[in-house]
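Next comes target09.cif, with mmCIF, C-alpha atoms and all ligand atoms.
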data_final
#
loop_
_atom_site.label_atom_id
_atom_site.label_comp_id
_atom_site.auth_asym_id
_atom_site.auth_seq_id
_atom_site.Cartn_x
_atom_site.Cartn_y
_atom_site.Cartn_z
CA MET A 1 28.05 -27.27 -1.90
CA SER A 2 25.73 -26.02 -4.67
CA LYS A 3 23.44 -23.13 -3.93
CA ILE A 4 20.08 -23.99 -2.36
CA THR A 5 17.04 -22.57 -4.12
CA ALA A 6 13.39 -22.88 -3.10
CA ALA A 7 11.53 -25.07 -5.59
CA ILE A 8 7.76 -25.35 -5.81
CA THR A 9 7.04 -29.08 -5.38
CA ALA A 10 3.21 -29.07 -5.15
CA VAL A 11 0.27 -26.76 -5.75
CA GLY A 12 -3.19 -26.74 -4.14
CA GLY A 13 -6.25 -24.56 -4.54
CA TYR A 14 -9.77 -24.04 -3.29
CA VAL A 15 -12.73 -21.96 -4.40
CA PRO A 16 -16.11 -22.03 -2.64
CA ASP A 17 -19.12 -23.54 -4.43
CA TYR A 18 -21.36 -20.48 -4.63
CA VAL A 19 -21.09 -18.76 -8.03
CA LEU A 20 -21.99 -15.06 -8.12
CA THR A 21 -22.63 -14.29 -11.80
CA ASN A 22 -22.73 -10.94 -13.57
CA LYS A 23 -26.45 -11.64 -14.11
CA GLU A 24 -27.00 -11.85 -10.33
CA LEU A 25 -25.02 -8.62 -9.83
CA GLU A 26 -27.43 -6.96 -12.28
CA THR A 27 -30.12 -7.54 -9.63
CA LEU A 28 -28.02 -5.95 -6.85
CA VAL A 29 -26.58 -2.81 -8.48
CA GLU A 30 -27.09 -0.80 -11.65
CA THR A 31 -24.76 -2.65 -14.00
CA THR A 32 -24.81 -5.04 -16.94
CA ASP A 33 -23.06 -8.27 -17.83
CA GLU A 34 -21.84 -6.50 -20.97
CA TRP A 35 -20.24 -3.59 -19.03
CA ILE A 36 -18.50 -5.88 -16.54
CA THR A 37 -17.24 -8.23 -19.26
CA THR A 38 -15.86 -5.54 -21.53
CA ARG A 39 -14.34 -3.35 -18.77
CA THR A 40 -12.85 -6.16 -16.64
CA GLY A 41 -13.07 -9.58 -18.35
CA ILE A 42 -14.95 -11.03 -15.35
CA LYS A 43 -18.02 -13.26 -15.88
CA GLU A 44 -18.44 -14.76 -12.40
CA ARG A 45 -16.76 -15.05 -9.00
CA ARG A 46 -17.04 -17.43 -6.03
CA ILE A 47 -18.45 -16.49 -2.63
CA LEU A 48 -17.86 -18.24 0.70
CA LYS A 49 -21.25 -18.45 2.39
CA GLY A 50 -22.11 -19.44 5.95
CA ALA A 51 -21.77 -18.06 9.46
CA ASP A 52 -18.31 -17.82 11.05
CA MET A 53 -16.59 -18.88 7.82
CA GLY A 54 -13.32 -16.96 7.51
CA THR A 55 -10.30 -17.07 5.24
CA SER A 56 -8.89 -20.05 7.15
CA GLU A 57 -11.79 -22.07 5.67
CA LEU A 58 -10.31 -21.33 2.23
CA CYS A 59 -6.73 -22.12 3.34
CA ALA A 60 -7.30 -25.44 5.12
CA PRO A 61 -8.42 -27.38 2.00
CA VAL A 62 -5.52 -25.82 0.06
CA ALA A 63 -2.99 -27.01 2.64
CA LEU A 64 -4.51 -30.50 2.76
CA GLU A 65 -4.51 -30.81 -1.04
CA ILE A 66 -0.83 -29.83 -1.14
CA CYS A 67 0.02 -32.43 1.51
CA ARG A 68 -1.95 -35.12 -0.33
CA LYS A 69 -0.35 -34.36 -3.69
CA ARG A 70 3.16 -34.31 -2.20
CA GLY A 71 2.48 -37.40 -0.08
CA ILE A 72 3.37 -35.77 3.24
CA SER A 73 1.55 -35.37 6.53
CA PRO A 74 0.70 -31.85 7.83
CA GLU A 75 3.06 -32.59 10.73
CA GLU A 76 5.98 -32.39 8.28
CA ILE A 77 5.31 -28.70 7.48
CA ASP A 78 7.94 -26.47 9.13
CA LEU A 79 6.43 -23.07 8.39
CA LEU A 80 3.15 -21.72 6.98
CA ILE A 81 2.91 -18.21 5.56
CA VAL A 82 -0.54 -16.88 4.64
CA ALA A 83 -0.86 -13.82 2.42
CA THR A 84 -4.21 -12.18 3.14
CA VAL A 85 -5.94 -8.87 3.81
CA THR A 86 -9.01 -10.62 5.20
CA PRO A 87 -7.68 -12.54 8.21
CA ASP A 88 -10.22 -14.50 10.28
CA MET A 89 -9.55 -12.05 13.13
CA VAL A 90 -7.29 -9.03 13.69
CA PHE A 91 -5.26 -11.46 15.80
CA PRO A 92 -4.11 -14.17 16.01
CA ALA A 93 -2.76 -14.67 12.51
CA THR A 94 -4.79 -16.79 10.09
CA ALA A 95 -1.68 -18.98 9.68
CA ASN A 96 -2.10 -20.00 13.35
CA VAL A 97 -5.74 -20.89 12.80
CA VAL A 98 -4.88 -22.95 9.72
CA THR A 99 -2.05 -24.91 11.35
CA ASP A 100 -4.49 -25.84 14.11
CA LYS A 101 -7.28 -26.82 11.67
CA ILE A 102 -5.03 -29.12 9.59
CA GLY A 103 -3.01 -30.60 12.46
CA ALA A 104 0.32 -29.04 11.43
CA LYS A 105 1.60 -29.49 14.97
CA ASN A 106 5.26 -28.80 14.19
CA ALA A 107 4.77 -25.66 12.11
CA TRP A 108 5.06 -22.04 13.10
CA GLY A 109 3.50 -19.40 10.94
CA PHE A 110 2.55 -15.82 10.27
CA ASP A 111 0.48 -13.67 7.91
CA ILE A 112 1.70 -11.16 5.35
CA ASN A 113 -0.46 -8.17 4.43
CA ALA A 114 0.51 -6.83 1.03
CA ALA A 115 -2.92 -6.89 -0.65
CA CYS A 116 -2.86 -8.14 -4.24
CA SER A 117 0.95 -8.52 -4.18
CA GLY A 118 0.72 -10.60 -1.00
CA PHE A 119 1.52 -13.92 -2.66
CA LEU A 120 4.69 -12.53 -4.27
CA TYR A 121 5.85 -11.04 -0.95
CA ALA A 122 5.07 -14.30 0.89
CA LEU A 123 6.71 -16.49 -1.74
CA ASP A 124 9.92 -14.49 -1.59
CA THR A 125 9.87 -14.51 2.22
CA GLY A 126 9.22 -18.27 2.33
CA ALA A 127 12.05 -18.91 -0.11
CA ARG A 128 14.52 -17.20 2.24
CA PHE A 129 13.75 -19.76 4.97
CA ILE A 130 14.52 -22.57 2.51
CA GLU A 131 17.65 -20.91 1.09
CA SER A 132 19.05 -20.46 4.61
CA GLY A 133 19.14 -24.25 4.89
CA ARG A 134 17.21 -24.14 8.14
CA TYR A 135 13.78 -25.28 6.89
CA LYS A 136 12.84 -28.08 4.49
CA LYS A 137 9.10 -27.64 3.96
CA VAL A 138 7.62 -24.16 3.80
CA MET A 139 4.01 -23.74 2.71
CA VAL A 140 2.91 -20.43 1.19
CA ILE A 141 -0.81 -19.74 0.73
CA GLY A 142 -2.55 -16.68 -0.72
CA ALA A 143 -6.23 -16.45 0.14
CA ASP A 144 -8.94 -13.87 0.68
CA LYS A 145 -12.59 -13.78 1.56
CA MET A 146 -13.06 -10.46 -0.23
CA SER A 147 -16.85 -10.71 0.12
CA SER A 148 -16.35 -9.93 3.84
CA ILE A 149 -15.11 -6.40 3.01
CA ILE A 150 -17.06 -5.62 -0.17
CA ASP A 151 -20.04 -3.28 -0.28
CA TYR A 152 -22.64 -4.96 -2.50
CA THR A 153 -24.31 -1.60 -3.06
CA ASP A 154 -21.15 -0.14 -4.66
CA ARG A 155 -21.07 -1.08 -8.34
CA THR A 156 -17.50 0.13 -8.80
CA THR A 157 -16.03 -2.51 -6.46
CA CYS A 158 -18.54 -5.35 -6.01
CA ILE A 159 -18.18 -6.48 -9.61
CA ILE A 160 -14.43 -7.05 -9.30
CA PHE A 161 -13.74 -9.15 -6.23
CA GLY A 162 -14.33 -12.79 -5.25
CA ASP A 163 -13.30 -15.36 -2.65
CA GLY A 164 -10.69 -18.08 -3.08
CA GLY A 165 -7.23 -19.25 -2.23
CA ALA A 166 -4.36 -21.39 -3.38
CA GLY A 167 -0.79 -22.13 -2.41
CA VAL A 168 2.45 -23.98 -2.93
CA LEU A 169 4.96 -26.07 -1.05
CA LEU A 170 8.57 -24.88 -1.17
CA GLU A 171 11.43 -27.36 -0.74
CA PRO A 172 15.21 -27.12 -1.15
CA ASN A 173 16.67 -27.72 -4.61
CA THR A 174 20.31 -27.75 -5.70
CA GLU A 175 19.76 -28.10 -9.46
CA GLY A 176 18.76 -24.52 -10.21
CA PHE A 177 14.97 -24.90 -10.07
CA GLY A 178 12.55 -22.75 -8.09
CA LEU A 179 12.38 -19.07 -7.22
CA LEU A 180 15.42 -17.46 -8.84
CA ASP A 181 14.75 -13.72 -8.55
CA SER A 182 12.21 -11.17 -7.32
CA ILE A 183 11.65 -7.44 -7.62
CA LEU A 184 9.37 -6.27 -4.83
CA LYS A 185 8.23 -2.68 -4.43
CA SER A 186 5.93 -0.52 -2.34
CA ASP A 187 4.80 3.09 -2.20
CA GLY A 188 2.63 4.03 0.77
CA HIS A 189 1.46 7.17 -0.99
CA GLY A 190 -0.85 4.93 -3.00
CA ARG A 191 -2.91 4.08 0.09
CA GLU A 192 -4.98 7.16 -0.73
CA TYR A 193 -6.54 5.38 -3.73
CA LEU A 194 -7.19 1.91 -2.31
CA HIS A 195 -7.85 1.14 1.34
CA MET A 196 -10.39 0.31 4.03
CA LYS A 197 -11.14 3.40 6.08
CA ALA A 198 -12.12 1.94 9.45
CA GLY A 199 -11.51 -1.09 11.63
CA GLY A 200 -7.80 -0.52 12.20
CA SER A 201 -6.12 1.22 15.15
CA ALA A 202 -6.35 4.65 13.48
CA ARG A 203 -10.13 4.46 13.20
CA PRO A 204 -11.52 1.63 15.32
CA ALA A 205 -15.03 0.35 14.69
CA THR A 206 -17.83 2.51 16.06
CA LEU A 207 -21.52 2.80 15.32
CA GLU A 208 -20.63 5.78 13.16
CA THR A 209 -18.00 3.95 11.06
CA VAL A 210 -20.48 1.16 10.42
CA GLN A 211 -23.28 3.56 9.49
CA GLN A 212 -20.91 5.38 7.10
CA ARG A 213 -20.00 2.06 5.43
CA GLU A 214 -16.32 2.50 6.21
CA HIS A 215 -15.58 -1.19 6.73
CA PHE A 216 -15.58 -1.87 3.01
CA VAL A 217 -12.97 -1.54 0.25
CA TYR A 218 -12.60 2.05 -0.90
CA GLN A 219 -11.13 2.34 -4.39
CA GLU A 220 -10.50 5.07 -6.92
CA GLY A 221 -10.50 2.66 -9.82
CA LYS A 222 -9.10 4.91 -12.55
CA MET A 223 -6.01 5.88 -10.51
CA VAL A 224 -5.42 2.29 -9.40
CA PHE A 225 -5.73 1.16 -13.00
CA LYS A 226 -3.17 3.72 -14.18
CA TYR A 227 -0.56 2.79 -11.56
CA ALA A 228 -1.24 -0.94 -11.98
CA VAL A 229 -0.59 -0.89 -15.73
CA ALA A 230 2.60 1.16 -15.37
CA ASN A 231 4.16 -0.62 -12.39
CA MET A 232 3.17 -4.23 -13.00
CA SER A 233 4.37 -4.19 -16.59
CA GLU A 234 7.58 -2.35 -15.66
CA ALA A 235 8.44 -4.88 -12.90
CA ALA A 236 7.78 -7.78 -15.29
CA HIS A 237 9.93 -6.16 -17.97
CA GLN A 238 12.76 -5.48 -15.47
CA ILE A 239 12.85 -9.05 -14.19
CA MET A 240 13.14 -10.29 -17.77
CA GLU A 241 16.04 -7.94 -18.50
CA ARG A 242 17.85 -8.71 -15.25
CA ASN A 243 17.72 -12.45 -15.98
CA GLN A 244 18.35 -12.25 -19.74
CA LEU A 245 14.87 -13.64 -20.43
CA THR A 246 13.26 -13.08 -23.82
CA ALA A 247 9.70 -13.46 -25.07
CA ASP A 248 10.82 -16.81 -26.51
CA SER A 249 12.46 -18.14 -23.35
CA VAL A 250 9.54 -17.18 -21.06
CA ALA A 251 7.02 -20.04 -21.08
CA TRP A 252 4.33 -18.31 -19.02
CA LEU A 253 3.30 -14.99 -17.54
CA VAL A 254 1.41 -15.62 -14.30
CA PRO A 255 -0.29 -12.26 -13.67
CA HIS A 256 -2.40 -11.01 -10.80
CA GLN A 257 -6.01 -11.14 -12.01
CA ALA A 258 -7.47 -7.66 -11.33
CA ASN A 259 -8.58 -6.60 -14.77
CA LYS A 260 -8.06 -8.32 -18.13
CA ARG A 261 -6.93 -5.00 -19.60
CA ILE A 262 -4.10 -4.74 -17.00
CA ILE A 263 -3.06 -8.34 -17.82
CA ASP A 264 -3.04 -7.58 -21.56
CA ALA A 265 -0.93 -4.44 -21.06
CA THR A 266 1.65 -6.40 -19.03
CA ALA A 267 1.85 -9.19 -21.61
CA HIS A 268 2.20 -6.61 -24.39
CA ARG A 269 5.12 -4.88 -22.59
CA MET A 270 6.83 -8.29 -22.26
CA GLY A 271 6.18 -9.10 -25.93
CA LEU A 272 4.26 -12.26 -25.01
CA PRO A 273 1.44 -13.77 -27.13
CA ASP A 274 -1.91 -14.56 -25.45
CA GLU A 275 -1.21 -18.31 -25.35
CA LYS A 276 1.64 -17.73 -22.87
CA VAL A 277 -0.52 -15.81 -20.41
CA MET A 278 -2.42 -17.50 -17.59
CA VAL A 279 -5.94 -16.06 -17.30
CA ASN A 280 -8.77 -17.25 -15.06
CA ILE A 281 -10.23 -13.87 -14.10
CA GLN A 282 -13.44 -14.77 -15.97
CA LYS A 283 -14.16 -17.54 -13.40
CA TYR A 284 -12.97 -16.08 -10.10
CA GLY A 285 -12.62 -12.28 -10.44
CA ASN A 286 -9.98 -10.69 -8.21
CA THR A 287 -9.34 -12.91 -5.17
CA THR A 288 -6.49 -10.60 -3.99
CA GLY A 289 -3.90 -12.93 -2.36
CA GLY A 290 -5.36 -15.91 -4.20
CA THR A 291 -5.05 -14.92 -7.86
CA ILE A 292 -1.48 -15.97 -8.75
CA PRO A 293 -1.47 -19.36 -7.00
CA LEU A 294 -4.99 -20.04 -8.37
CA CYS A 295 -3.49 -19.58 -11.85
CA LEU A 296 -0.72 -22.08 -11.02
CA TRP A 297 -3.39 -24.47 -9.72
CA ASP A 298 -5.55 -24.17 -12.86
CA TYR A 299 -2.60 -24.45 -15.28
CA GLU A 300 -0.46 -26.97 -13.34
CA LYS A 301 -1.04 -29.76 -15.88
CA GLN A 302 0.37 -27.59 -18.67
CA LEU A 303 3.62 -26.76 -16.81
CA LYS A 304 6.80 -28.63 -17.68
CA LYS A 305 10.07 -29.03 -15.80
CA GLY A 306 12.40 -26.20 -16.80
CA ASP A 307 9.64 -23.78 -17.89
CA ASN A 308 10.51 -20.15 -17.14
CA LEU A 309 7.63 -18.40 -15.36
CA VAL A 310 7.31 -14.69 -14.67
CA LEU A 311 4.85 -13.83 -11.89
CA ALA A 312 3.65 -10.21 -11.68
CA ALA A 313 1.32 -8.34 -9.37
CA PHE A 314 0.06 -4.92 -8.31
CA GLY A 315 -2.13 -4.09 -5.34
CA GLY A 316 -3.20 -1.91 -2.46
CA GLY A 317 -0.46 -0.16 -0.55
CA PHE A 318 0.59 0.39 -3.27
CA THR A 319 2.57 -2.82 -3.53
CA TRP A 320 3.86 -4.46 -6.69
CA GLY A 321 6.51 -6.72 -8.07
CA ALA A 322 7.57 -9.59 -10.28
CA SER A 323 9.26 -12.93 -9.68
CA TYR A 324 11.16 -15.36 -11.87
CA ILE A 325 10.61 -19.10 -11.28
CA ARG A 326 12.09 -22.09 -13.07
CA TRP A 327 9.42 -24.79 -12.76
CA ALA A 328 10.69 -27.94 -11.02
CA TYR A 329 8.46 -30.81 -12.19
CA ASP A 330 6.55 -32.31 -15.11
CA PRO A 331 2.78 -32.92 -14.95
CA LYS A 332 1.96 -35.96 -12.80
C1 LIG B 1 -12.80 -0.35 -11.56
C2 LIG B 1 -12.64 -0.32 -13.06
C3 LIG B 1 -13.10 -1.65 -13.67
C4 LIG B 1 -13.55 0.76 -13.62
O1 LIG B 1 -13.39 0.83 -15.02
P1 LIG B 1 -13.16 2.22 -15.76
O2 LIG B 1 -13.12 1.92 -17.18
O3 LIG B 1 -11.97 2.88 -15.14
O4 LIG B 1 -14.47 2.95 -15.44
P2 LIG B 1 -14.66 4.38 -14.72
O5 LIG B 1 -14.39 4.24 -13.27
O6 LIG B 1 -13.93 5.43 -15.52
O7 LIG B 1 -16.19 4.59 -14.95
C5 LIG B 1 -16.73 4.80 -16.25
C6 LIG B 1 -18.23 4.95 -16.11
O8 LIG B 1 -18.79 3.65 -15.81
C7 LIG B 1 -19.57 3.74 -14.63
N1 LIG B 1 -19.46 2.48 -13.91
C8 LIG B 1 -18.60 2.16 -12.91
N2 LIG B 1 -18.84 0.89 -12.51
C9 LIG B 1 -19.85 0.44 -13.26
C10 LIG B 1 -20.53 -0.79 -13.32
N3 LIG B 1 -20.23 -1.82 -12.51
N4 LIG B 1 -21.52 -0.93 -14.23
C11 LIG B 1 -21.84 0.06 -15.06
N5 LIG B 1 -21.24 1.24 -15.05
C12 LIG B 1 -20.25 1.43 -14.17
C13 LIG B 1 -19.00 4.91 -13.87
O9 LIG B 1 -19.95 5.43 -12.96
C14 LIG B 1 -18.66 5.85 -14.98
O10 LIG B 1 -19.82 6.53 -15.37
P3 LIG B 1 -19.77 8.09 -15.76
O11 LIG B 1 -18.84 8.15 -16.95
O12 LIG B 1 -21.19 8.39 -16.07
O13 LIG B 1 -19.23 8.80 -14.57
C15 LIG B 1 -11.20 -0.01 -13.48
O14 LIG B 1 -10.88 1.31 -13.15
C16 LIG B 1 -10.19 -0.92 -12.83
O15 LIG B 1 -10.13 -2.09 -13.13
N6 LIG B 1 -9.34 -0.38 -11.97
C17 LIG B 1 -8.28 -1.12 -11.31
C18 LIG B 1 -8.89 -2.02 -10.29
C19 LIG B 1 -7.92 -2.90 -9.61
O16 LIG B 1 -7.02 -3.38 -10.22
N7 LIG B 1 -8.17 -3.08 -8.31
C20 LIG B 1 -7.55 -4.02 -7.48
C21 LIG B 1 -6.22 -3.65 -7.05
S1 LIG B 1 -5.09 -4.62 -7.84
#

As a first step, turn the structure in this file into structure tokens.
Amino acid sequence: MSKITAAITAVGGYVPDYVLTNKELETLVETTDEWITTRTGIKERRILKGADMGTSELCAPVALEICRKRGISPEEIDLLIVATVTPDMVFPATANVVTDKIGAKNAWGFDINAACSGFLYALDTGARFIESGRYKKVMVIGADKMSSIIDYTDRTTCIIFGDGGAGVLLEPNTEGFGLLDSILKSDGHGREYLHMKAGGSARPATLETVQQREHFVYQEGKMVFKYAVANMSEAAHQIMERNQLTADSVAWLVPHQANKRIIDATAHRMGLPDEKVMVNIQKYGNTTGGTIPLCLWDYEKQLKKGDNLVLAAFGGGFTWGASYIRWAYDPK
């Protein structure tokens, strides 16, 4: 029997309606549209408004769009993996909430917490369940409501992040399409530079932690930037070498959208021209787990069967990696 690979057979995405522009941020913190644009490439980001609206509210429309596009019912999903650092609750997993909301009665599921590399970790994990032959329909969603952990008085972080999510359906393929290789890395030492101080078991929420604003993203941007450029571009370069890919044979780089300058550095290391690089950071900012699948969602119509895609990410943890996908279908 030929080897089973996990092919992406449908893509879905969702961003909330509210647009938070650089102009509006100018009214919240001391910053300018010009500074944000030149330092990050971001012009606007989406925000999920409303009481009791968690990350599952971003995931449910994604899952339903995927089912609609693939022509399946949610009851046919075997497994749902959600990559997020902003779960609806500490427990249960957001995947459980989503399966309930969409009526995926036969699915089991779990969350993966790997920050901005979450989608790569989840995609590789989901692929294993397909490759084993045991599961036929595995859905992988990356989504974050970053506005729930962002301090809108901190100009160094509030300009970067936004809310949104997207995902894919994985199905077995025996013709060599789908996820073909991944390099996944982590280094816990990097937690020093990017983390949330309180709200976990080490420092549970107290009046003091709230007053000290410790339930928001803490980031030392310069250090994160340095490690992101080095590690994301190195992982992308390594996956090309390991799979004998060249700048000509790679159709697309699908990079995590944290900063346009990090994206440019990765593309440069791979020898790729701008027209082969997916970029939507200007519209959504950094949606953490959502960035890579949101790129696939935005660019889906330009993807052709047989295209070689390199996905690359870097995020809190530190976590980073790159994946090689051979795209399985032509635009519909
Ligand atoms: C956050 C980031 C955009 C900051 O850009 P930077 O070029 O490194 O800027 P610096 O932090 O060196 O700050 C430069 C100056 O701009 C100021 N500044 C910071 N944010 C600002 C803002 N929003 N508006 C205006 N000025 C700002 C700083 O206070 C500093 O001023 P100073 O020189 O008087 O001290 C950048 O470091 C970055 O993108 N880091 C990686 C982020 C990331 O990828 N995070 C997600 C994990 S994947």

### Query
Do you have the atom CA of A:Glu214-atom CA of A:Ala51 distance handy?
21.5 Å

### Query
Residues within 7 Å of ligand LIG 1 (chain B) (all atoms listed in the file), as a list in words?
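Going residue by residue within 7 Å of ligand LIG 1 (chain B), we get Glu30, Thr31, Thr32, Trp35, Ile36, Arg39, Thr40, Cys116, Arg155, Thr156, Thr157, Ile159, Gly221, Lys222, Val224, Phe225, Ala228, Ala258, Asn259, Phe314, Gly315 and Gly316 of chain A.
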
Could the residues in this selection be written to a file with C-alpha atoms, as a tab-separated table (two decimals), in the coordinates of the input?
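What landed in result_30.tsv:
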chain	number	residue	atom	x	y	z
A	30	GLU	CA	-27.09	-0.80	-11.65
A	31	THR	CA	-24.76	-2.65	-14.00
A	32	THR	CA	-24.81	-5.04	-16.94
A	35	TRP	CA	-20.24	-3.59	-19.03
A	36	ILE	CA	-18.50	-5.88	-16.54
A	39	ARG	CA	-14.34	-3.35	-18.77
A	40	THR	CA	-12.85	-6.16	-16.64
A	116	CYS	CA	-2.86	-8.14	-4.24
A	155	ARG	CA	-21.07	-1.08	-8.34
A	156	THR	CA	-17.50	0.13	-8.80
A	157	THR	CA	-16.03	-2.51	-6.46
A	159	ILE	CA	-18.18	-6.48	-9.61
A	221	GLY	CA	-10.50	2.66	-9.82
A	222	LYS	CA	-9.10	4.91	-12.55
A	224	VAL	CA	-5.42	2.29	-9.40
A	225	PHE	CA	-5.73	1.16	-13.00
A	228	ALA	CA	-1.24	-0.94	-11.98
A	258	ALA	CA	-7.47	-7.66	-11.33
A	259	ASN	CA	-8.58	-6.60	-14.77
A	314	PHE	CA	0.06	-4.92	-8.31
A	315	GLY	CA	-2.13	-4.09	-5.34
A	316	GLY	CA	-3.20	-1.91	-2.46

### Task
Could you tell me how far atom CA of A:Asp33 lies from atom CA of A:Arg261, in Å and to one decimal?
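Between these atoms lies a distance of 16.6 Å.
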
### Query
Using all atoms listed in the file, which residues sit within 12 Å of A:Asp52 once same-chain residues fewer than 2 positions away are excluded, as a PyMOL selection string?
chain A and resi 48-50+54-57+88-89+145+148

### Task
For A:Ala328, work out the shell of residues within 7 Å, counting all atoms listed in the file and skipping chain neighbours fewer than 3 positions away, then give it as a list in words.
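Skipping anything fewer than 3 positions along the chain leaves Ala7, Ile8, Thr9, Phe177, Gly178, Lys305 and Gly306 of chain A.
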
Could you save those same residues with C-alpha atoms as a tab-separated table (two decimals), keeping the file's coordinate frame?
chain	number	residue	atom	x	y	z
A	7	ALA	CA	11.53	-25.07	-5.59
A	8	ILE	CA	7.76	-25.35	-5.81
A	9	THR	CA	7.04	-29.08	-5.38
A	177	PHE	CA	14.97	-24.90	-10.07
A	178	GLY	CA	12.55	-22.75	-8.09
A	305	LYS	CA	10.07	-29.03	-15.80
A	306	GLY	CA	12.40	-26.20	-16.80

### Query
For A:Gly289, which residue among A:Ser249, A:Ser186, A:Thr319, A:Asn113 is the nearest when counting all atoms listed in the file?
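For A:Gly289, the nearest of the given residues is A:Asn113.
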